[in-house]
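Notes for the one structure printed next.
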Amino acid sequence: MEILDAVVIGAGQAGLSASYHLTRRGISHVVLDANPAPGGAWQHRWDSLTMHDVHGIAALPDADSPTDDAGRANVVVPAYFGSYERDHGLPVLRPVRVDRVESVGDLLVVRAGDRSWTTRTIVNATGTWTQPHVPHYPGMETFRCEQLHTVGYPGAEHFRDRRVVVVGGGASGVQLLGEIAPVAADTLWVTRREPVWRTDDFTAEAGRSAVALVEDRVRRGLPPASVVSVTGLALREQERAAERLGAYRRHPMFTRIEPDGVRLQDGALWPADAILWATGFRPAIAHLAPLHLRSEHGGVQLDRAGTTAVADPRVQLVGYGPSASTIGANRAGRTAARGVAAWLDRRADGHS
Ligand code: FAD
């Protein structure tokens with residue numbers, strides 16, 4: 001039986017960065033990715049998201065950034081990842097969807113259907129895209145028209161001349177309202193909390209302190225908040241038309257959903273043809289359940305370096321919590337490779 005030093009699960013920004021750094025250290029590994037093609041979650045982003053719209057894609061280690069500003073993000077980034085995998089000879093196997101990871105003595109067994117890999121460590125890089133989060137609201141199953149999550153956003157035209165409720169106070173909600181409001185018959189924006197708008201220019205320092213807040217949550221084993229939820233929101237040029245239409249007048253959450261619309265807190269019914277849940281994602285880590293990594297607070301507690309699971313140091317988590325951005329994922333890949341190497345060294349020295 002072949003025993004690998006590491007298995008990386010997921011070939012998005014975080015998994016590719018980890019694989020690059022493992023390769024540099026000469027650590028034997030494979031990368032298992034559920035998608036049929038390179039690109040991580042980027043290959044599934046909606047067609048209207050251009051490279052100009054995204055907040056910036058950090059360059060993968062030892063590579064230039066993708067440059068095509070006008071191109072679609074779901075084309076440019078997958079092509080960029082594909083070339084990167086080839087140029088660096090990264091050992092990616094796909095499509096391989098990992099179902100579970102089990103601990104067998106000192107080793108970990110990674111299972112995908114009837115295939116399995118035995119390894120000393122894993123680097124989990126499965127992102128959040130496959131775990132869209134839709135909160136439960138009373139009456140939601142009675143709604144006669146369409147409900148969808150951003151994960152299945154079909155483009156603004158789909159909403160032409162319709163009355164659309166957009167739920168969620170994050171960057172996706174703001175961006176999609178910007179596209180939908182100018183073509184819809186009307187929009188209603190509802191959020192649980194009052195949105196926090198950035199009042200001054202967003203500085204690198206403010207970005208760092210936002211990430212530090214999420215780092216602190218993860219070190220305490222709390223479920224990670226999204227980094228954007230602590231950086232605040234900003235309107236871009238392409239959202240000004242929606243702003244002029246009043247689309248960003250925020251309403252508190254409705255009290256219930258009814259067959260023909262949503263019941264507002266003042267008792268009025270807002271008739272709706274569609275509800276778009278821009279309510280975010282959760283870490284896609286169900287396959288790690290057999291390892292019992294979750295703390296009593298509901299999240300996976302990570303060490304001070306930021307990627308090693310406190311409950312099981314054979315496991316590295318990248319793209320999780322504070323590293324859930326392309327720049328964070330890059331750094332986490334490097335830290336995780338260091339964590340894997342440290343574990344293998346300790347094992348070789350017989351300290352564990
Ligand atoms: P992903 O890109 O999601 O890759 C995870 C990979 O793991 C996928 O290929 C998936 O198929 C695979 N996988 C999942 N489960 C399994 C399994 N069980 N077995 C095997 N493989 C599995 N960040 C920025 O820095 N700049 C931006 O402009 C930006 N814009 C964003 C826009 C949107 C709409 C969203 C949702 C996020 C955005 N982010 C942005 C965040 C950024 O995309 C992510 O933080 C980062 O790209 C995540 O990379 P990742 O490698 O963790 O995950």
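Every chain in the structure tokens takes a letter, A first, then B, and so on in the order presented; its residues are numbered from 1, and the ligands are numbered from 1 following the presented order.
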
*List all protein, DNA and RNA residues that have any atom at most 7 Å from ligand 1, counting only C-alpha atoms and all ligand atoms, and write the list as JSON, numbers by chain.*
{"A": [9, 10, 11, 12, 13, 14, 15, 32, 33, 34, 35, 39, 40, 41, 42, 45, 54, 55, 56, 57, 58, 96, 97, 98, 99, 125, 126, 127, 128, 129, 130, 172, 284, 287, 318, 319, 320, 323, 324, 325, 326, 327, 329]}

Take the residues from that selection and write them out as a short mmCIF file (atom, residue, chain, number, x, y, z; two decimals), in the first residue's frame, keeping N, CA and C atoms.
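Writing done, so here's selection39.cif:
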```cif
data_model
loop_
_atom_site.label_atom_id
_atom_site.label_comp_id
_atom_site.auth_asym_id
_atom_site.auth_seq_id
_atom_site.Cartn_x
_atom_site.Cartn_y
_atom_site.Cartn_z
N ILE A 9 -7.16 18.34 -0.58
CA ILE A 9 -8.53 18.14 -1.07
C ILE A 9 -9.04 19.50 -1.55
N GLY A 10 -9.23 19.62 -2.87
CA GLY A 10 -9.70 20.88 -3.46
C GLY A 10 -8.58 21.56 -4.24
N ALA A 11 -8.90 21.99 -5.47
CA ALA A 11 -7.88 22.64 -6.32
C ALA A 11 -8.31 24.05 -6.70
N GLY A 12 -8.79 24.81 -5.71
CA GLY A 12 -8.98 26.25 -5.90
C GLY A 12 -7.68 26.96 -5.57
N GLN A 13 -7.77 28.27 -5.33
CA GLN A 13 -6.56 29.05 -5.03
C GLN A 13 -5.78 28.46 -3.85
N ALA A 14 -6.53 28.04 -2.81
CA ALA A 14 -5.87 27.56 -1.59
C ALA A 14 -5.19 26.21 -1.84
N GLY A 15 -5.88 25.31 -2.53
CA GLY A 15 -5.31 23.99 -2.79
C GLY A 15 -4.10 24.07 -3.72
N LEU A 32 -6.87 16.21 -4.87
CA LEU A 32 -8.12 15.62 -5.35
C LEU A 32 -9.15 16.74 -5.49
N ASP A 33 -9.73 16.86 -6.66
CA ASP A 33 -10.65 17.98 -6.90
C ASP A 33 -11.96 17.47 -7.51
N ALA A 34 -13.08 17.92 -6.92
CA ALA A 34 -14.39 17.42 -7.36
C ALA A 34 -14.82 17.98 -8.71
N ASN A 35 -14.28 19.13 -9.10
CA ASN A 35 -14.71 19.73 -10.36
C ASN A 35 -14.16 18.97 -11.56
N GLY A 39 -10.13 25.54 -12.07
CA GLY A 39 -10.82 26.82 -11.86
C GLY A 39 -11.46 26.96 -10.49
N GLY A 40 -11.45 25.89 -9.67
CA GLY A 40 -12.10 25.99 -8.35
C GLY A 40 -13.51 26.54 -8.52
N ALA A 41 -13.98 27.30 -7.54
CA ALA A 41 -15.34 27.83 -7.60
C ALA A 41 -15.50 28.88 -8.70
N TRP A 42 -14.37 29.43 -9.16
CA TRP A 42 -14.49 30.52 -10.16
C TRP A 42 -15.21 30.06 -11.42
N ARG A 45 -18.94 30.93 -11.23
CA ARG A 45 -19.46 32.28 -10.97
C ARG A 45 -20.35 32.72 -12.13
N VAL A 54 -14.39 41.99 -9.98
CA VAL A 54 -13.93 41.28 -8.78
C VAL A 54 -12.97 42.19 -8.00
N HIS A 55 -12.79 41.86 -6.74
CA HIS A 55 -11.99 42.74 -5.88
C HIS A 55 -10.49 42.57 -6.12
N GLY A 56 -10.14 41.72 -7.07
CA GLY A 56 -8.71 41.47 -7.32
C GLY A 56 -8.39 40.03 -7.00
N ILE A 57 -7.77 39.39 -7.97
CA ILE A 57 -7.37 37.99 -7.78
C ILE A 57 -5.87 38.01 -7.54
N ALA A 58 -5.47 37.58 -6.36
CA ALA A 58 -4.04 37.57 -6.05
C ALA A 58 -3.34 36.56 -6.95
N VAL A 96 -12.70 14.07 -8.61
CA VAL A 96 -12.69 13.17 -7.45
C VAL A 96 -13.36 13.92 -6.30
N ARG A 97 -14.57 13.50 -5.94
CA ARG A 97 -15.26 14.15 -4.80
C ARG A 97 -15.02 13.30 -3.55
N VAL A 98 -14.35 13.87 -2.58
CA VAL A 98 -14.05 13.15 -1.35
C VAL A 98 -15.31 13.06 -0.49
N ASP A 99 -15.66 11.83 -0.07
CA ASP A 99 -16.86 11.65 0.76
C ASP A 99 -16.52 11.72 2.24
N ALA A 125 -8.92 22.04 1.37
CA ALA A 125 -9.02 23.31 0.64
C ALA A 125 -10.31 23.33 -0.18
N THR A 126 -11.41 22.96 0.47
CA THR A 126 -12.65 22.71 -0.28
C THR A 126 -13.56 23.94 -0.38
N GLY A 127 -13.13 25.09 0.16
CA GLY A 127 -13.89 26.32 -0.04
C GLY A 127 -15.28 26.26 0.57
N THR A 128 -16.17 27.06 -0.01
CA THR A 128 -17.53 27.18 0.54
C THR A 128 -18.60 27.06 -0.55
N TRP A 129 -18.21 27.14 -1.81
CA TRP A 129 -19.18 27.30 -2.91
C TRP A 129 -20.23 26.18 -2.94
N THR A 130 -19.83 24.98 -2.50
CA THR A 130 -20.78 23.86 -2.57
C THR A 130 -21.70 23.82 -1.36
N SER A 172 -22.27 40.29 -2.29
CA SER A 172 -23.04 39.71 -3.40
C SER A 172 -24.40 40.37 -3.50
N ALA A 284 -17.29 23.99 3.39
CA ALA A 284 -17.68 22.66 2.87
C ALA A 284 -16.79 21.60 3.52
N HIS A 287 -17.18 16.20 4.90
CA HIS A 287 -16.39 14.97 4.74
C HIS A 287 -15.36 14.79 5.85
N VAL A 318 -7.15 25.26 4.81
CA VAL A 318 -6.78 26.48 4.09
C VAL A 318 -8.00 27.00 3.34
N GLY A 319 -8.06 28.33 3.14
CA GLY A 319 -9.26 28.93 2.54
C GLY A 319 -10.41 28.90 3.53
N TYR A 320 -10.10 28.77 4.79
CA TYR A 320 -11.12 28.66 5.84
C TYR A 320 -11.05 29.93 6.68
N SER A 323 -8.59 33.00 5.86
CA SER A 323 -7.87 32.80 4.60
C SER A 323 -8.83 32.60 3.43
N ALA A 324 -10.13 32.93 3.61
CA ALA A 324 -11.11 32.79 2.53
C ALA A 324 -11.12 34.01 1.63
N SER A 325 -9.96 34.33 1.09
CA SER A 325 -9.85 35.32 0.01
C SER A 325 -8.68 34.81 -0.82
N THR A 326 -8.50 35.32 -2.03
CA THR A 326 -7.42 34.74 -2.84
C THR A 326 -6.06 35.02 -2.20
N ILE A 327 -5.90 36.21 -1.62
CA ILE A 327 -4.60 36.52 -1.01
C ILE A 327 -4.39 35.68 0.25
N ALA A 329 -5.77 32.79 0.86
CA ALA A 329 -5.62 31.39 0.46
C ALA A 329 -4.18 31.11 0.05
#
```

*Assign secondary structure with DSSP using the backbone only, and return the residues of stretch 32-256 of chain A in helix (DSSP H, G or I) as a ChimeraX atom specification.*
/A:40-44,73-87,140-142,150-152,156-159,171-180,204-219,227-231,237-244

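Each of A:Pro61, A:Gly139, A:Gly280, A:Gly105 was checked against A:His21 using only C-alpha atoms; the smallest atom-to-atom distance is that of A:Pro61.
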
_Using only C-alpha atoms, can you tell me which of A:Gly306, A:Gly261, A:Pro271, A:Gly152 comes closest to A:Gly221?_
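Counting only C-alpha atoms, the residue closest to A:Gly221 is A:Gly306.
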
*If you count only C-alpha atoms, which residues fall within 12 Å of A:Glu243, apart from same-chain ones fewer than 2 positions away, as a list in words?*
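The neighbour list is Val174, Gln175, Leu177, Gly178, Glu179, Ile180, Ala181, Pro182, Thr187, Trp189, Ala234, Leu235, Arg236, Glu237, Gln238, Glu239, Arg240, Ala241, Leu245, Gly246, Ala247, Tyr248, Arg249 and Arg250 of chain A.
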
Would you save the residues of that selection, restricted to C-alpha atoms, as a PDB file, in the first residue's frame?
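Full text of result.pdb as output:
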```pdb
ATOM      1  CA  VAL A 174     -25.122  44.707  -3.162  1.00  0.00           C
ATOM      2  CA  GLN A 175     -23.644  43.696  -6.537  1.00  0.00           C
ATOM      3  CA  LEU A 177     -29.071  44.475  -6.697  1.00  0.00           C
ATOM      4  CA  GLY A 178     -26.940  46.773  -8.825  1.00  0.00           C
ATOM      5  CA  GLU A 179     -27.632  44.555 -11.847  1.00  0.00           C
ATOM      6  CA  ILE A 180     -31.236  43.619 -11.155  1.00  0.00           C
ATOM      7  CA  ALA A 181     -32.779  46.923 -10.010  1.00  0.00           C
ATOM      8  CA  PRO A 182     -32.417  48.727 -13.385  1.00  0.00           C
ATOM      9  CA  THR A 187     -36.783  45.497  -5.848  1.00  0.00           C
ATOM     10  CA  TRP A 189     -33.600  44.839  -0.166  1.00  0.00           C
ATOM     11  CA  ALA A 234     -19.006  50.093  -0.870  1.00  0.00           C
ATOM     12  CA  LEU A 235     -20.928  51.029  -4.027  1.00  0.00           C
ATOM     13  CA  ARG A 236     -19.067  50.976  -7.337  1.00  0.00           C
ATOM     14  CA  GLU A 237     -19.783  52.976 -10.488  1.00  0.00           C
ATOM     15  CA  GLN A 238     -21.906  50.182 -11.953  1.00  0.00           C
ATOM     16  CA  GLU A 239     -24.223  50.320  -8.919  1.00  0.00           C
ATOM     17  CA  ARG A 240     -25.063  54.017  -9.230  1.00  0.00           C
ATOM     18  CA  ALA A 241     -28.116  53.449 -11.467  1.00  0.00           C
ATOM     19  CA  LEU A 245     -33.663  54.027  -8.166  1.00  0.00           C
ATOM     20  CA  GLY A 246     -33.547  53.696  -4.374  1.00  0.00           C
ATOM     21  CA  ALA A 247     -32.531  50.009  -4.469  1.00  0.00           C
ATOM     22  CA  TYR A 248     -30.187  50.425  -1.498  1.00  0.00           C
ATOM     23  CA  ARG A 249     -32.928  51.631   0.852  1.00  0.00           C
ATOM     24  CA  ARG A 250     -32.574  48.772   3.273  1.00  0.00           C
TER      25      ARG A 250
END
```

_Residue nearest A:Pro78 - candidates A:Ala274, A:Ala37, A:Val340, A:Val31, atoms counted: only C-alpha atoms_ =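 Among A:Ala274, A:Ala37, A:Val340, A:Val31, it is A:Ala37 that comes nearest to A:Pro78.
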
*Contacts of A:Val164 at 7 Å or less, counting only C-alpha atoms, minus same-chain residues fewer than 4 places along, as an NGL selection string?*
:A and (186-188 or 272-275)

*Hey, which of A:Ser65, A:Arg160, A:Trp197, A:Tyr153 ends up closest to A:His44? Count only C-alpha atoms.*
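Distance minimum relative to A:His44 lands on A:Tyr153.
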
*How far is it from atom CA of A:Thr191 to atom CA of A:Phe254, in Å with one decimal?*
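Distance reported for this atom pair: 9.0 Å.
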
*Just the residues within 8 Å of A:Gly173, please, counting only C-alpha atoms, with nothing from its chain fewer than 5 positions along; format it as a ChimeraX atom specification.*
/A:166-168,278-279

Next, write the just-selected residues to a file, as a compact mmCIF listing (two decimals), in the first residue's frame, keeping N, CA and C atoms as the atom set.
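Contents of out10.txt, freshly written:
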```
# COMPACT_ATOMS: atom_id res chain seq x y z
N VAL A 166 -34.37 40.89 -2.59
CA VAL A 166 -32.98 40.44 -2.44
C VAL A 166 -32.69 40.42 -0.94
N VAL A 167 -32.28 39.25 -0.45
CA VAL A 167 -32.02 39.08 0.98
C VAL A 167 -30.52 38.99 1.19
N GLY A 168 -29.99 39.80 2.11
CA GLY A 168 -28.57 39.65 2.45
C GLY A 168 -27.79 40.94 2.32
N ALA A 278 -29.15 36.09 -1.07
CA ALA A 278 -27.71 36.38 -1.16
C ALA A 278 -27.16 36.26 0.26
N THR A 279 -27.34 35.06 0.79
CA THR A 279 -27.12 34.85 2.22
C THR A 279 -25.87 34.03 2.52
```

*Could you work out how far atom CA of A:Val8 lies from atom CA of A:Tyr80, giving the answer in Å with one decimal?*
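Spanning atom CA of A:Tyr80 to atom CA of A:Val8 is a straight-line distance of 19.5 Å.
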
*Check the smallest atom-to-atom distance from each of A:Val300, A:Val92, A:Ala268, A:Leu176 to A:Val218 using only C-alpha atoms, then report the winner.*
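Looking only at the distances to A:Val218, the closest residue turns out to be A:Val300.
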
*Using only C-alpha atoms, pick whichever of A:Ala70, A:Ala18, A:Val183, A:Val77 has the shortest atom-to-atom distance to A:Leu90.*
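Smallest distance to A:Leu90 is found for A:Ala18.
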